[in-house]
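Here is the file model06.csv (CSV, C-alpha atoms).
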```
chain,number,residue,atom,x,y,z
L,1,MET,CA,6.9,-27.1,-27.9
L,2,SER,CA,6.0,-23.5,-28.9
L,3,LYS,CA,6.2,-20.7,-26.4
L,4,LYS,CA,2.8,-19.7,-24.9
L,5,LEU,CA,1.5,-16.3,-26.1
L,6,PRO,CA,1.2,-13.5,-23.7
L,7,ILE,CA,-2.2,-12.1,-22.7
L,8,PHE,CA,-3.3,-9.6,-25.3
L,9,THR,CA,-5.7,-7.5,-23.3
L,10,LEU,CA,-8.6,-5.8,-25.0
L,11,GLY,CA,-10.4,-2.5,-24.7
L,12,VAL,CA,-13.3,-1.6,-27.0
L,13,GLU,CA,-14.9,1.8,-27.5
L,14,GLU,CA,-18.2,2.3,-29.3
L,15,GLU,CA,-20.0,5.5,-30.3
L,16,TYR,CA,-23.8,5.3,-30.2
L,17,GLN,CA,-26.5,7.3,-32.0
L,18,ILE,CA,-29.3,8.8,-29.7
L,19,ILE,CA,-32.4,8.9,-31.8
L,20,ASP,CA,-36.0,10.3,-31.5
L,21,PRO,CA,-38.3,7.3,-32.0
L,22,VAL,CA,-41.0,9.4,-33.7
L,23,SER,CA,-38.9,11.5,-36.1
L,24,ARG,CA,-36.1,9.0,-36.3
L,25,ASP,CA,-33.7,12.0,-36.3
L,26,LEU,CA,-30.7,12.3,-34.0
L,27,ARG,CA,-31.6,14.0,-30.7
L,28,SER,CA,-29.6,15.7,-28.1
L,29,HIS,CA,-29.8,13.8,-24.8
L,30,LEU,CA,-28.8,17.0,-22.8
L,31,SER,CA,-26.2,14.9,-20.9
L,32,LYS,CA,-29.0,13.0,-19.1
L,33,ILE,CA,-27.9,9.6,-20.5
L,34,VAL,CA,-24.2,10.3,-19.7
L,35,ASP,CA,-24.9,11.6,-16.2
L,36,GLY,CA,-27.2,8.7,-15.5
L,37,ALA,CA,-24.7,6.2,-16.8
L,38,LYS,CA,-21.8,7.5,-14.7
L,39,THR,CA,-23.6,6.6,-11.5
L,40,ILE,CA,-23.6,3.0,-12.7
L,41,LEU,CA,-20.6,2.7,-15.0
L,42,ASN,CA,-18.3,5.4,-13.7
L,43,GLU,CA,-16.0,6.7,-16.4
L,44,GLN,CA,-17.0,4.1,-19.0
L,45,VAL,CA,-19.4,6.5,-20.6
L,46,LYS,CA,-18.8,10.0,-21.8
L,47,ALA,CA,-20.3,12.7,-24.0
L,48,GLU,CA,-18.9,13.3,-27.5
L,49,MET,CA,-18.6,16.5,-29.6
L,50,HIS,CA,-22.2,16.3,-30.8
L,51,GLN,CA,-24.9,16.1,-28.1
L,52,SER,CA,-26.6,13.2,-29.9
L,53,VAL,CA,-23.6,10.9,-29.5
L,54,VAL,CA,-22.7,8.8,-26.5
L,55,GLU,CA,-19.3,7.1,-26.3
L,56,VAL,CA,-18.8,4.0,-24.2
L,57,GLY,CA,-15.6,2.1,-23.3
L,58,THR,CA,-15.1,-1.3,-21.8
L,59,VAL,CA,-12.8,-2.0,-18.8
L,60,ILE,CA,-9.6,-3.8,-19.6
L,61,CYS,CA,-10.6,-7.3,-20.7
L,62,ARG,CA,-8.4,-10.3,-20.6
L,63,ASN,CA,-10.1,-12.1,-23.5
L,64,ILE,CA,-12.8,-11.8,-26.0
L,65,HIS,CA,-15.4,-13.3,-23.7
L,66,GLU,CA,-14.9,-10.6,-21.1
L,67,ALA,CA,-15.1,-8.0,-23.9
L,68,LYS,CA,-18.4,-9.4,-25.1
L,69,ASP,CA,-19.9,-9.3,-21.6
L,70,GLU,CA,-18.8,-5.7,-21.3
L,71,ILE,CA,-20.3,-4.7,-24.7
L,72,ARG,CA,-23.5,-6.4,-23.8
L,73,LEU,CA,-23.6,-4.6,-20.4
L,74,LEU,CA,-22.8,-1.2,-22.0
L,75,ARG,CA,-25.3,-1.5,-24.8
L,76,SER,CA,-28.1,-2.7,-22.4
L,77,LYS,CA,-27.5,0.1,-19.9
L,78,ILE,CA,-27.5,2.9,-22.5
L,79,VAL,CA,-30.7,1.5,-24.1
L,80,GLU,CA,-32.3,1.4,-20.7
L,81,LEU,CA,-31.3,5.0,-19.8
L,82,ALA,CA,-32.3,6.3,-23.3
L,83,ALA,CA,-35.8,4.7,-22.8
L,84,LYS,CA,-36.3,6.7,-19.7
L,85,GLN,CA,-35.8,9.9,-21.8
L,86,ASN,CA,-38.2,8.4,-24.5
L,87,LEU,CA,-35.2,7.9,-26.8
L,88,VAL,CA,-33.8,4.9,-28.7
L,89,VAL,CA,-30.2,3.9,-29.6
L,90,GLY,CA,-28.6,2.8,-32.8
L,91,GLY,CA,-25.3,1.7,-34.2
L,92,ALA,CA,-24.0,2.9,-37.6
L,93,GLY,CA,-21.1,5.0,-39.0
L,94,THR,CA,-23.4,7.8,-40.1
L,95,HIS,CA,-27.1,8.6,-39.5
L,96,PRO,CA,-29.1,8.1,-42.7
L,97,PHE,CA,-30.5,11.6,-43.0
L,98,SER,CA,-29.7,13.8,-40.0
L,99,ARG,CA,-28.0,17.1,-40.9
L,100,TRP,CA,-24.9,18.1,-38.9
L,101,GLN,CA,-26.0,21.7,-39.1
L,102,ASP,CA,-29.0,20.8,-36.9
L,103,GLN,CA,-27.0,19.0,-34.2
L,104,PRO,CA,-25.8,21.1,-31.2
L,105,ILE,CA,-22.2,20.8,-30.0
L,106,THR,CA,-21.5,19.6,-26.4
L,107,ASP,CA,-20.6,22.5,-24.1
L,108,ASP,CA,-17.1,21.5,-23.1
L,109,PRO,CA,-13.8,23.4,-23.4
L,110,ARG,CA,-12.2,20.5,-25.3
L,111,TYR,CA,-14.8,20.6,-28.0
L,112,HIS,CA,-14.9,24.4,-28.2
L,113,HIS,CA,-11.1,24.3,-28.8
L,114,ILE,CA,-11.5,21.7,-31.6
L,115,VAL,CA,-14.3,23.6,-33.3
L,116,ASN,CA,-12.4,26.9,-33.0
L,117,GLU,CA,-9.4,25.3,-34.7
L,118,LEU,CA,-11.1,23.2,-37.3
L,119,GLN,CA,-14.3,25.1,-37.9
L,120,ASP,CA,-16.8,23.3,-40.2
L,121,ALA,CA,-14.5,20.3,-40.6
L,122,ALA,CA,-15.2,19.7,-36.9
L,123,ARG,CA,-18.9,20.8,-36.9
L,124,SER,CA,-19.7,18.4,-39.7
L,125,ASN,CA,-17.9,15.5,-38.1
L,126,LEU,CA,-21.2,13.8,-37.2
L,127,ILE,CA,-19.8,10.2,-37.5
L,128,PHE,CA,-19.7,7.1,-35.3
L,129,GLY,CA,-16.8,4.6,-34.9
L,130,MET,CA,-15.6,1.6,-33.1
L,131,HIS,CA,-12.1,1.6,-31.6
L,132,CYS,CA,-10.2,-1.4,-30.3
L,133,HIS,CA,-7.1,-1.4,-28.1
L,134,VAL,CA,-4.8,-4.4,-27.9
L,135,GLY,CA,-2.4,-4.4,-24.9
L,136,ILE,CA,1.3,-4.6,-25.7
L,137,GLU,CA,3.7,-4.0,-22.8
L,138,ASN,CA,6.8,-3.4,-24.9
L,139,ARG,CA,6.3,-0.2,-26.9
L,140,GLU,CA,9.2,-1.0,-29.3
L,141,ILE,CA,7.6,-4.3,-30.2
L,142,GLY,CA,4.2,-2.5,-30.3
L,143,LEU,CA,5.6,0.0,-32.9
L,144,GLN,CA,6.9,-2.9,-35.1
L,145,LEU,CA,3.5,-4.6,-34.9
L,146,MET,CA,1.8,-1.3,-35.8
L,147,ASN,CA,3.9,-1.0,-38.9
L,148,GLN,CA,3.1,-4.5,-40.0
L,149,ALA,CA,-0.6,-4.5,-39.0
L,150,THR,CA,-1.3,-1.5,-41.3
L,151,TYR,CA,-1.5,-3.9,-44.2
L,152,PHE,CA,-4.6,-5.5,-42.7
L,153,LEU,CA,-6.5,-2.3,-42.0
L,154,PRO,CA,-8.5,-2.4,-45.3
L,155,HIS,CA,-9.5,-6.0,-44.6
L,156,ILE,CA,-10.8,-5.1,-41.1
L,157,PHE,CA,-12.4,-1.9,-42.4
L,158,ALA,CA,-14.3,-3.7,-45.2
L,159,LEU,CA,-16.0,-6.0,-42.6
L,160,SER,CA,-17.1,-3.0,-40.6
L,161,THR,CA,-18.5,-0.8,-43.4
L,162,ASN,CA,-21.8,0.6,-42.1
L,163,SER,CA,-22.3,4.2,-43.4
L,164,PRO,CA,-23.8,4.3,-46.9
L,165,PHE,CA,-26.0,7.3,-46.4
L,166,TRP,CA,-25.1,11.0,-45.6
L,167,GLU,CA,-27.7,13.7,-45.1
L,168,GLY,CA,-30.4,11.8,-46.8
L,169,ARG,CA,-28.4,10.7,-49.9
L,170,ASN,CA,-27.1,7.3,-51.0
L,171,THR,CA,-23.4,8.2,-51.3
L,172,GLY,CA,-22.4,5.2,-53.4
L,173,TYR,CA,-19.9,4.2,-50.7
L,174,LYS,CA,-20.3,1.4,-48.2
L,175,SER,CA,-18.5,3.7,-45.7
L,176,PHE,CA,-18.9,7.4,-46.2
L,177,ARG,CA,-17.8,8.0,-42.6
L,178,THR,CA,-14.2,7.8,-43.6
L,179,LYS,CA,-14.7,10.5,-46.3
L,180,VAL,CA,-16.2,12.8,-43.7
L,181,PHE,CA,-13.3,12.2,-41.3
L,182,ASP,CA,-10.7,12.8,-44.0
L,183,LYS,CA,-11.3,16.5,-43.6
L,184,PHE,CA,-9.6,16.4,-40.2
L,185,PRO,CA,-5.8,16.7,-40.1
L,186,ARG,CA,-3.6,13.8,-38.9
L,187,THR,CA,-6.1,11.1,-40.1
L,188,GLY,CA,-5.9,8.1,-42.4
L,189,LEU,CA,-3.3,5.4,-42.5
L,190,PRO,CA,-0.4,5.7,-40.1
L,191,GLU,CA,3.1,6.8,-41.1
L,192,TYR,CA,6.0,4.2,-40.9
L,193,PHE,CA,8.4,4.7,-38.0
L,194,ASP,CA,11.7,2.8,-37.5
L,195,SER,CA,11.8,3.2,-33.8
L,196,VAL,CA,9.8,4.4,-30.8
L,197,GLN,CA,12.2,7.2,-30.3
L,198,SER,CA,11.4,8.4,-33.8
L,199,TYR,CA,7.7,8.1,-33.1
L,200,ASP,CA,7.9,10.0,-29.8
L,201,ASN,CA,10.1,12.7,-31.4
L,202,PHE,CA,7.4,13.2,-34.1
L,203,LEU,CA,4.7,13.6,-31.4
L,204,GLU,CA,6.9,15.9,-29.4
L,205,THR,CA,7.6,18.1,-32.4
L,206,LEU,CA,3.9,18.5,-33.1
L,207,VAL,CA,3.3,19.5,-29.4
L,208,LYS,CA,6.2,21.9,-29.3
L,209,THR,CA,5.2,23.7,-32.5
L,210,ASN,CA,1.5,24.0,-31.3
L,211,CYS,CA,0.1,21.8,-34.0
L,212,ILE,CA,-1.5,19.8,-31.2
L,213,ASP,CA,-1.8,20.4,-27.5
L,214,ASN,CA,-1.5,16.7,-26.6
L,215,PRO,CA,-0.5,13.5,-28.5
L,216,LYS,CA,-4.0,12.0,-28.5
L,217,LYS,CA,-4.8,14.4,-31.4
L,218,ILE,CA,-3.1,12.0,-33.8
L,219,TRP,CA,-6.3,10.5,-35.2
L,220,TRP,CA,-4.8,7.9,-37.5
L,221,ASP,CA,-6.6,4.6,-38.4
L,222,LEU,CA,-4.1,2.8,-36.2
L,223,ARG,CA,-1.7,4.2,-33.6
L,224,LEU,CA,0.6,3.3,-30.9
L,225,HIS,CA,-1.3,4.9,-28.0
L,226,PRO,CA,0.7,7.8,-26.6
L,227,PHE,CA,-0.4,7.2,-22.9
L,228,TYR,CA,-1.4,3.5,-22.7
L,229,ASN,CA,0.6,0.4,-23.6
L,230,THR,CA,-1.8,-0.5,-26.4
L,231,ILE,CA,-2.1,-0.5,-30.2
L,232,GLU,CA,-5.3,1.2,-31.0
L,233,PHE,CA,-7.3,0.3,-34.2
L,234,ARG,CA,-9.5,3.3,-35.1
L,235,ILE,CA,-10.6,2.5,-38.7
L,236,CYS,CA,-13.9,0.8,-38.1
L,237,ASP,CA,-17.4,2.1,-38.6
L,238,MET,CA,-19.7,1.6,-35.7
L,239,SER,CA,-21.3,-1.9,-35.9
L,240,LEU,CA,-25.0,-2.6,-36.2
L,241,THR,CA,-24.8,-5.5,-33.7
L,242,MET,CA,-22.8,-6.7,-30.7
L,243,ASP,CA,-21.8,-9.8,-32.6
L,244,GLU,CA,-20.2,-7.8,-35.4
L,245,THR,CA,-18.3,-5.7,-32.9
L,246,ILE,CA,-17.0,-8.8,-31.1
L,247,CYS,CA,-16.1,-10.6,-34.3
L,248,ILE,CA,-14.0,-7.6,-35.6
L,249,THR,CA,-12.4,-7.2,-32.2
L,250,ALA,CA,-11.4,-10.9,-32.1
L,251,ILE,CA,-9.9,-10.6,-35.6
L,252,ILE,CA,-7.9,-7.5,-34.5
L,253,GLN,CA,-6.6,-9.3,-31.4
L,254,ALA,CA,-5.6,-12.4,-33.5
L,255,ILE,CA,-3.7,-10.2,-36.0
L,256,VAL,CA,-1.7,-8.6,-33.3
L,257,ALA,CA,-1.1,-12.0,-31.6
L,258,LYS,CA,0.1,-13.6,-34.9
L,259,LEU,CA,2.4,-10.7,-35.8
L,260,TYR,CA,3.8,-10.9,-32.2
L,261,LYS,CA,4.4,-14.6,-32.7
L,262,LEU,CA,6.3,-14.0,-35.9
L,263,ASN,CA,8.3,-11.3,-34.2
L,264,ALA,CA,9.2,-13.7,-31.4
L,265,ALA,CA,10.5,-16.2,-34.0
L,266,ASN,CA,12.8,-13.5,-35.5
L,267,THR,CA,10.7,-13.0,-38.6
L,268,SER,CA,8.1,-10.5,-39.6
L,269,PHE,CA,5.3,-9.7,-42.0
L,270,ASN,CA,6.1,-7.6,-45.0
L,271,VAL,CA,5.7,-3.8,-44.7
L,272,TYR,CA,4.0,-2.4,-47.8
L,273,ARG,CA,4.0,1.1,-49.3
L,274,LEU,CA,1.2,3.2,-47.9
L,275,ALA,CA,0.2,4.2,-51.4
L,276,LEU,CA,-0.7,0.6,-52.1
L,277,ILE,CA,-2.6,0.1,-48.9
L,278,LYS,CA,-4.5,3.4,-49.6
L,279,GLU,CA,-5.8,1.8,-52.8
L,280,ASN,CA,-7.2,-1.1,-50.8
L,281,LYS,CA,-8.7,1.2,-48.2
L,282,PHE,CA,-10.5,3.1,-50.9
L,283,ARG,CA,-11.9,-0.1,-52.3
L,284,ALA,CA,-13.0,-1.2,-48.9
L,285,ALA,CA,-14.8,2.2,-48.4
L,286,ARG,CA,-16.4,2.1,-51.8
L,287,TYR,CA,-17.4,-1.6,-52.0
L,288,GLY,CA,-17.2,-3.1,-48.6
L,289,VAL,CA,-16.7,-6.9,-48.8
L,290,MET,CA,-18.5,-7.1,-52.2
L,291,GLY,CA,-15.6,-5.8,-54.3
L,292,ASN,CA,-12.0,-6.6,-55.1
L,293,MET,CA,-8.8,-5.6,-53.4
L,294,ILE,CA,-5.1,-5.9,-54.4
L,295,ASP,CA,-3.1,-8.9,-53.5
L,296,PHE,CA,0.3,-7.3,-53.3
L,297,GLY,CA,2.2,-10.6,-53.4
L,298,LEU,CA,0.4,-11.8,-56.6
L,299,GLN,CA,0.2,-8.2,-58.0
L,300,LYS,CA,-3.4,-8.7,-59.1
L,301,GLU,CA,-7.0,-8.0,-58.1
L,302,VAL,CA,-8.8,-10.7,-56.0
L,303,ALA,CA,-12.1,-10.8,-54.3
L,304,THR,CA,-12.1,-9.0,-51.0
L,305,SER,CA,-13.9,-11.9,-49.4
L,306,ASP,CA,-11.0,-14.2,-50.6
L,307,LEU,CA,-8.5,-11.9,-48.9
L,308,ILE,CA,-10.5,-12.0,-45.7
L,309,LEU,CA,-10.6,-15.8,-45.8
L,310,GLU,CA,-6.8,-15.8,-46.3
L,311,LEU,CA,-6.5,-13.5,-43.3
L,312,LEU,CA,-8.4,-16.2,-41.3
L,313,GLU,CA,-5.9,-18.8,-42.4
L,314,PHE,CA,-3.0,-16.5,-41.5
L,315,VAL,CA,-4.2,-16.1,-37.9
L,316,ASP,CA,-5.5,-19.7,-37.5
L,317,ASP,CA,-2.7,-21.0,-35.4
L,318,VAL,CA,-3.2,-18.4,-32.6
L,319,VAL,CA,-7.0,-18.4,-32.5
L,320,ASP,CA,-7.5,-21.4,-30.2
L,321,GLU,CA,-5.0,-20.1,-27.7
L,322,LEU,CA,-6.8,-16.8,-27.6
L,323,GLY,CA,-10.1,-18.7,-27.2
L,324,SER,CA,-11.8,-16.7,-30.0
L,325,ARG,CA,-12.6,-19.3,-32.7
L,326,GLU,CA,-16.4,-19.0,-32.3
L,327,GLN,CA,-16.3,-15.2,-32.4
L,328,ILE,CA,-13.9,-15.1,-35.4
L,329,ASN,CA,-16.0,-17.6,-37.3
L,330,TYR,CA,-18.9,-15.0,-37.3
L,331,VAL,CA,-17.0,-13.5,-40.3
L,332,HIS,CA,-18.7,-16.1,-42.4
L,333,ASN,CA,-22.1,-14.6,-41.4
L,334,ILE,CA,-20.9,-11.2,-42.4
L,335,LEU,CA,-19.6,-12.4,-45.8
L,336,ARG,CA,-22.9,-14.3,-46.4
L,337,GLU,CA,-25.4,-11.7,-45.1
L,338,GLY,CA,-23.5,-8.5,-45.9
L,339,THR,CA,-22.1,-5.8,-43.7
L,340,GLY,CA,-24.3,-3.2,-42.0
L,341,ALA,CA,-24.1,-1.0,-45.1
L,342,ALA,CA,-25.5,-3.8,-47.3
L,343,LYS,CA,-28.4,-4.3,-44.8
L,344,GLN,CA,-29.1,-0.6,-44.7
L,345,LEU,CA,-29.2,-0.4,-48.5
L,346,ALA,CA,-31.4,-3.5,-48.8
L,347,VAL,CA,-34.0,-1.9,-46.5
L,348,PHE,CA,-33.9,1.3,-48.5
L,349,GLU,CA,-34.2,-0.5,-51.9
L,350,LYS,CA,-37.2,-2.3,-50.6
L,351,THR,CA,-39.0,0.6,-48.9
L,352,ASN,CA,-37.5,3.8,-50.4
L,353,ASP,CA,-37.9,5.2,-46.9
L,354,LEU,CA,-34.9,6.2,-44.7
L,355,THR,CA,-37.0,6.2,-41.6
L,356,LYS,CA,-37.3,2.4,-42.1
L,357,VAL,CA,-33.5,2.2,-42.4
L,358,VAL,CA,-33.3,3.9,-39.0
L,359,ASP,CA,-35.8,1.5,-37.6
L,360,MET,CA,-33.6,-1.4,-38.7
L,361,ILE,CA,-30.5,0.2,-37.2
L,362,THR,CA,-32.2,0.7,-33.8
L,363,ASP,CA,-33.8,-2.8,-33.9
L,364,GLN,CA,-30.4,-4.5,-34.7
L,365,PHE,CA,-28.7,-2.6,-31.9
L,366,THR,CA,-30.3,-4.8,-29.2
L,367,VAL,CA,-29.9,-8.1,-31.0
L,368,GLY,CA,-28.2,-10.6,-28.7
L,369,LEU,CA,-28.5,-8.4,-25.6
```
What does the file become when written as structure tokens?
Amino acid sequence: MSKKLPIFTLGVEEEYQIIDPVSRDLRSHLSKIVDGAKTILNEQVKAEMHQSVVEVGTVICRNIHEAKDEIRLLRSKIVELAAKQNLVVGGAGTHPFSRWQDQPITDDPRYHHIVNELQDAARSNLIFGMHCHVGIENREIGLQLMNQATYFLPHIFALSTNSPFWEGRNTGYKSFRTKVFDKFPRTGLPEYFDSVQSYDNFLETLVKTNCIDNPKKIWWDLRLHPFYNTIEFRICDMSLTMDETICITAIIQAIVAKLYKLNAANTSFNVYRLALIKENKFRAARYGVMGNMIDFGLQKEVATSDLILELLEFVDDVVDELGSREQINYVHNILREGTGAAKQLAVFEKTNDLTKVVDMITDQFTVGL
């Protein structure tokens, strides 16, 4: 009889766009939404660098069902509070036409420090993501799983692509958000570390040499969190819908659980060169789920959708124990209907009107709530 899996707790963070329903442009909420939310949701809601962004975070969830309840609550409450300010809310990795130059920065010492250090790289970072934490009590095991899970980041990323437009232009990418964020230091795919001591020494060196003032300023696509016992996946664009967020979260949890199961059986998944994984990440950003990626084992191109279906087979033996089969099976909807990027582009192709794209984004935000 196989050993029962531990509980892989979940925490999900989403970054929402606050939008003027008339102009469809991003709009500063002047902290009114955040302040109003804190009376209901405590520290689960906070302002971001730009005043038109609201970040929310779930409590620690024991399973995907609790995570879905939390996301439903958070989205509903922010929509309700925004409506009181005559504003609406949307979910996408970038806004279709807003200019970062027109968006005020939140008056907070933390953000002033980042802008002072990074200048226009920070001011132009008008992007929106979804982050997922998976609880791992043993940091040494967590680091091994981080090294191995890096291979799957392009697969996850492809499913989340939802930022084809930037400042009114069709960029040609399914996710331009990552190209905007690349201007920041310490971003992209994570380095390989052979031990937690090596990882912690790296963080300590950066702090001691004034590269960063705290280890959270490692903004990799995946990181062993410096303060919490979690692995944090940071590569995803913000999702259009709650169901997409929950599907991707369930897949992330299943990947970690499967890699943990292999580790407990004294085996492990291959660790591939970052240069190869970068090729797949570029393809995911450029084409989403509609293109090809590299199958490193076969050393040939295959359809990205086929690799994603292989991923589902890989994690299949842990899915029922996690209780997430229904949520993971939503992948088939994404592959059939397209990611958020494909839906944005379809509206634009039909209407040639980016305000209609914004309307679709805000309409989809509340689906299922």
With all atoms listed in the file as the counted atoms, please give the residues lying no more than 10 Å from stretch 307-318 of chain L, apart from itself and same-chain residues fewer than 5 positions off, as a ChimeraX atom specification. /L:4-5,152,154-156,158-159,251-259,261,289,292-295,302,323-325,328-329,331-332,335
Per residue of stretch 124-194 of chain L within 7 Å of stretch 218-236 of chain L, which atom pair is closest and at what distance in Å (one decimal), using all atoms listed in the file, listed by chain and increasing number, as a tab-separated table?
```
residue	atom	partner	partner_atom	distance
L:Gly129	CA	L:Cys236	CA	5.8
L:Met130	CA	L:Cys236	CA	5.3
L:His131	CA	L:Arg234	CA	4.7
L:Cys132	CA	L:Phe233	CA	5.1
L:His133	CA	L:Glu232	CA	4.3
L:Val134	CA	L:Thr230	CA	5.1
L:Gly135	CA	L:Thr230	CA	4.2
L:Ile136	CA	L:Thr230	CA	5.2
L:Glu137	CA	L:Asn229	CA	5.4
L:Arg139	CA	L:Asn229	CA	6.6
L:Gly142	CA	L:Ile231	CA	6.6
L:Leu143	CA	L:Leu224	CA	6.3
L:Met146	CA	L:Leu224	CA	6.8
L:Phe157	CA	L:Cys236	CA	5.3
L:Ser160	CA	L:Cys236	CA	5.6
L:Arg186	CA	L:Ile218	CA	5.4
L:Thr187	CA	L:Trp220	CA	4.3
L:Gly188	CA	L:Trp220	CA	5.0
L:Leu189	CA	L:Asp221	CA	5.3
L:Pro190	CA	L:Trp220	CA	5.6
```
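Residues in contact with L:Lys3 at up to 12 Å, not including ones fewer than 2 positions away on its chain and judged by only C-alpha atoms, are Met1, Leu5, Pro6, Tyr260, Lys261, Leu262, Ala264, Ala265, Val318 and Glu321 of chain L.
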What does the distance between atom CA of L:Gly340 and atom CA of L:Gly11 come to in Å, to one decimal place? 22.2 Å
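Between L:Val59 and the residues L:Glu13, L:Asp200, L:Asp194, L:Asp237, the shortest atom-to-atom distance, using all atoms listed in the file, involves L:Glu13.
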One decimal, Å: what's the distance from atom CA of L:Asn214 over to atom CA of L:Ala121, could you say? 19.4 Å
At most 12 Å is the cut-off: for each residue in stretch 261-286 of chain L with any atom that close to an atom of stretch 176-184 of chain L, write down the nearest atom pair and the distance in Å rounded to one decimal, counting all atoms listed in the file, chain first then increasing number, as a Markdown table.
```
| residue | atom | partner | partner_atom | distance |
| --- | --- | --- | --- | --- |
| L:Lys281 | CA | L:Thr178 | CA | 9.7 |
| L:Phe282 | CA | L:Thr178 | CA | 9.4 |
| L:Arg283 | CA | L:Phe176 | CA | 11.9 |
| L:Ala284 | CA | L:Thr178 | CA | 10.5 |
| L:Ala285 | CA | L:Phe176 | CA | 7.0 |
| L:Arg286 | CA | L:Phe176 | CA | 8.1 |
```
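In this model, the gap between atom CA of L:Val34 and atom CA of L:Phe97 comes to 24.2 Å.
Checking L:Tyr151, L:Phe365, L:Phe165, L:Tyr330 one by one against L:Leu345, counting all atoms listed in the file, you find the shortest gap at L:Phe165.
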Can you pull out the residues contacting L:Asp25? Cut-off 12 Å, using only C-alpha atoms, and skip same-chain residues under 5 positions away; I want them as a ChimeraX atom specification. /L:17-20,52,87-90,94-100,102-103,167-168,354-359,362
If we count only C-alpha atoms and set the cut-off at 9 Å, which residues sit around L:Thr245, ignoring sequence neighbours fewer than 4 positions away in its own chain? Please answer as a ChimeraX atom specification. /L:12,14,68,71,130,160,238-241,249-250
My list of candidates is L:Asn170, L:Thr366, L:Tyr287, L:Ser163. Which is closest to L:Lys77 when distances are computed with all atoms listed in the file? L:Thr366
